[in-house]
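Asker: Take a look at this one; I'll ask things after.
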Amino acid sequence: MPSEFELIGRYFGDRGPRRRDVVLGIGDDAALLDVPAGQQLVVTMDTLVAAVHFPVATAPRAIGHKALAVNLSDLAAMGATPAWFTLALTMPQADAAWLEAFSDGMFELAERYEMQLVGGDTTRGPLSITIEAHGLVPAGRAIRRSGARAGDRIYVTGTLGDAALGLRALTGECDLDVAERVLLVRRLEYPQPRIAAGIALRDVASAAIDVSDGLAADLGHILDASGVGARIELGRIPVVPSVAGYAGRSGDAGFALTGGDDYELCFTVPEERVALLASRLAGLDGGYHDIGVVEKATGLRCIASNGAGVALGQAGYRHF
């Protein structure tokens, strides 16, 4: 059985990019990092627990990817450029094949965004992964949840509901053809953080959040922080045909709003910046969609294509 330090050295110590702003990384009691002048440090942390945040049978490469991706999604929502991360890994046993695949998935994403692993911890126990990610944003230009104002347009990137339907396919709650299943399960297991969009939204978006617990719940956090309400049109929510079909068959008109695990961005933009938004996001993967408007009256109002209000059930994923 390899020791903790042997595990770290073999699977994590010499992996990933090497950044010039890392004075001291893995191998000491703590890391030493240089924050460039004129930049603010953005810090986020997420924990993924087996059988809670991913099915037990999920491939380790996908777990490694997703563990880092969900943190990158938080950085994207703040308009931050990724820089460093730490990893706390708890696992039942030191399985060499599992660790190799897990680290491959994580470092493949780290390479894409030039992120260096600068520390962490390993211990024995039920499988869980905690990553703390650090990003940089020009001073005073981070995007917050609290800036939405009445009249701002509401947008989302990509499509919603894909991951939630992929999970239902994995658990046998719905039948999909092979091509649909592969696409949607990949959206669940390999979310793509919208880093480029988040950076482009600096000085354009009045507020932003990443969609992790479901659009209704996460947009609600923007509304609460900003002291406003919103009206969104269900017919404008971007969905793939299989998600639209499932919502129709199940009678769950709000499925794409409540499923969670989308890791897209939801953001608000004042009318006078809509043209600037179009130029900033032109050509970016996934696109973006206007789904509604911020209003003075608090609360979230969902409107069907016939103009009728739609009541949602549970607004999104609940952690407790």
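Scheme for the structure tokens: letters A, B, ... for chains in order shown; per-chain residue numbers from 1; ligand numbers from 1 in order shown.
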DSSP on the backbone: which residues in segment 67-233 of chain A end up as helix (DSSP H, G or I)? Give the answer as an MDAnalysis selection string.
Answerer: chainID A and resid 67:77 96:112 162:170 178:189 195:200 215:226
Asker: Which residues in segment 77-188 of chain A does DSSP call strand (DSSP E)? List them as a ChimeraX atom specification.
Answerer: /A:81-91,116-124,128-138,153-157
Asker: Select, from A:Glu114, A:Asp218, A:Asp152, A:Asp262, the residue with the minimum atom-to-atom distance to Val70 of chain A, counting only C-alpha atoms.
Answerer: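 For Val70 of chain A, the nearest of the candidates is A:Asp262.
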Asker: Do a neighbour search on Val35 of chain A at 8 Å with only C-alpha atoms, toss out local chain neighbours closer than 4 positions, and write the hits as a VMD selection string.
Answerer: chain A and resid 21 39 to 41 136
Asker: Write out, as a compact mmCIF listing (two decimals), in the first residue's frame, the residues just selected, with C-alpha atoms.
Answerer:
```
# COMPACT_ATOMS: atom_id res chain seq x y z
CA ASP A 21 3.12 33.13 -10.30
CA GLN A 39 -5.88 41.98 -9.69
CA GLN A 40 -8.27 40.62 -7.08
CA LEU A 41 -8.26 36.99 -5.98
CA LEU A 136 -7.98 36.46 -10.94
```
Asker: Can you pull out the residues contacting Leu170 of chain A? Cut-off 12 Å, using only C-alpha atoms, and skip same-chain residues under 3 positions away; I want them as a list in words.
Answerer: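 In the requested format, the answer is Phe54, Pro55, Val56, Ala57, Thr58, Ala163, Ala164, Leu165, Gly166, Leu167, Glu173, Cys174, Asp175, Leu176, Val178, Glu180, Arg181, Val182, Leu184, Val185, Arg186, Leu188 and Glu189 of chain A.
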Asker: Which is closer to Cys266 of chain A than all the others in A:Glu100, A:Asp177, A:Asp210, A:Asp95, using only C-alpha atoms?
Answerer: A:Asp210
Asker: Name all residues at most 10 Å from segment 64-66 of chain A (count only C-alpha atoms; drop same-chain ones fewer than 6 positions away) and give them as a PyMOL selection string.
Answerer: chain A and resi 48+54+72+99-110+129+188-193
Asker: Identify, on the basis of only C-alpha atoms, every residue whose closest approach to Leu127 of chain A does not exceed 6 Å; exclude the query and any residue fewer than 5 positions from it along the same chain; express the result as a ChimeraX atom specification.
Answerer: /A:50,90-91
Asker: Generate the output file for the selected residues, C-alpha atoms, as a PDB file, in the first residue's frame.
Answerer:
```
ATOM      1  CA  ALA A  50     -20.323   9.662  -4.264  1.00  0.00           C
ATOM      2  CA  THR A  90     -11.033  11.087   0.424  1.00  0.00           C
ATOM      3  CA  MET A  91     -11.247   7.530  -0.929  1.00  0.00           C
TER       4      MET A  91
END
```
Asker: Give me the residues within 8 Å of Ala230 of chain A as a list in words, counting only C-alpha atoms and dropping any in the same chain fewer than 4 places off.
Answerer: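 Everything that qualifies: Leu223, Gly292, Val293, Val294, Glu295, Lys296, Ala297, Thr298, Gly299, Leu300 and Arg301 of chain A.
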Asker: Give me a file of those residues, with N, CA and C atoms, as a CSV table (one decimal), in the first residue's frame.
Answerer:
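Contents of selection.csv, freshly written:
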```csv
chain,number,residue,atom,x,y,z
A,223,LEU,N,-32.1,37.4,-7.8
A,223,LEU,CA,-33.2,38.3,-7.5
A,223,LEU,C,-33.2,38.7,-6.0
A,292,GLY,N,-36.1,36.6,-20.6
A,292,GLY,CA,-37.0,37.4,-19.8
A,292,GLY,C,-36.5,38.7,-19.4
A,293,VAL,N,-37.1,39.3,-18.3
A,293,VAL,CA,-36.8,40.6,-17.9
A,293,VAL,C,-36.9,40.7,-16.4
A,294,VAL,N,-36.0,41.6,-15.8
A,294,VAL,CA,-36.0,41.9,-14.4
A,294,VAL,C,-37.1,42.9,-14.1
A,295,GLU,N,-37.9,42.7,-13.1
A,295,GLU,CA,-39.0,43.5,-12.7
A,295,GLU,C,-38.8,44.0,-11.3
A,296,LYS,N,-39.6,45.1,-10.9
A,296,LYS,CA,-39.5,45.7,-9.6
A,296,LYS,C,-40.1,44.8,-8.6
A,297,ALA,N,-41.3,44.2,-8.9
A,297,ALA,CA,-42.0,43.4,-7.9
A,297,ALA,C,-41.2,42.1,-7.7
A,298,THR,N,-40.9,41.8,-6.4
A,298,THR,CA,-40.1,40.6,-6.1
A,298,THR,C,-40.8,39.3,-6.4
A,299,GLY,N,-40.0,38.3,-6.5
A,299,GLY,CA,-40.5,36.9,-6.9
A,299,GLY,C,-40.2,36.6,-8.4
A,300,LEU,N,-40.3,35.3,-8.7
A,300,LEU,CA,-40.1,34.8,-10.0
A,300,LEU,C,-41.4,34.4,-10.6
A,301,ARG,N,-41.7,35.0,-11.8
A,301,ARG,CA,-43.0,34.6,-12.5
A,301,ARG,C,-42.6,33.9,-13.8
```
Asker: Determine the nearest neighbour of Asp252 of chain A from the options A:Gly161, A:Pro126, A:Pro82, A:Gly16, counting only C-alpha atoms.
Answerer: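 Under the stated criterion, the closest residue is A:Gly161.
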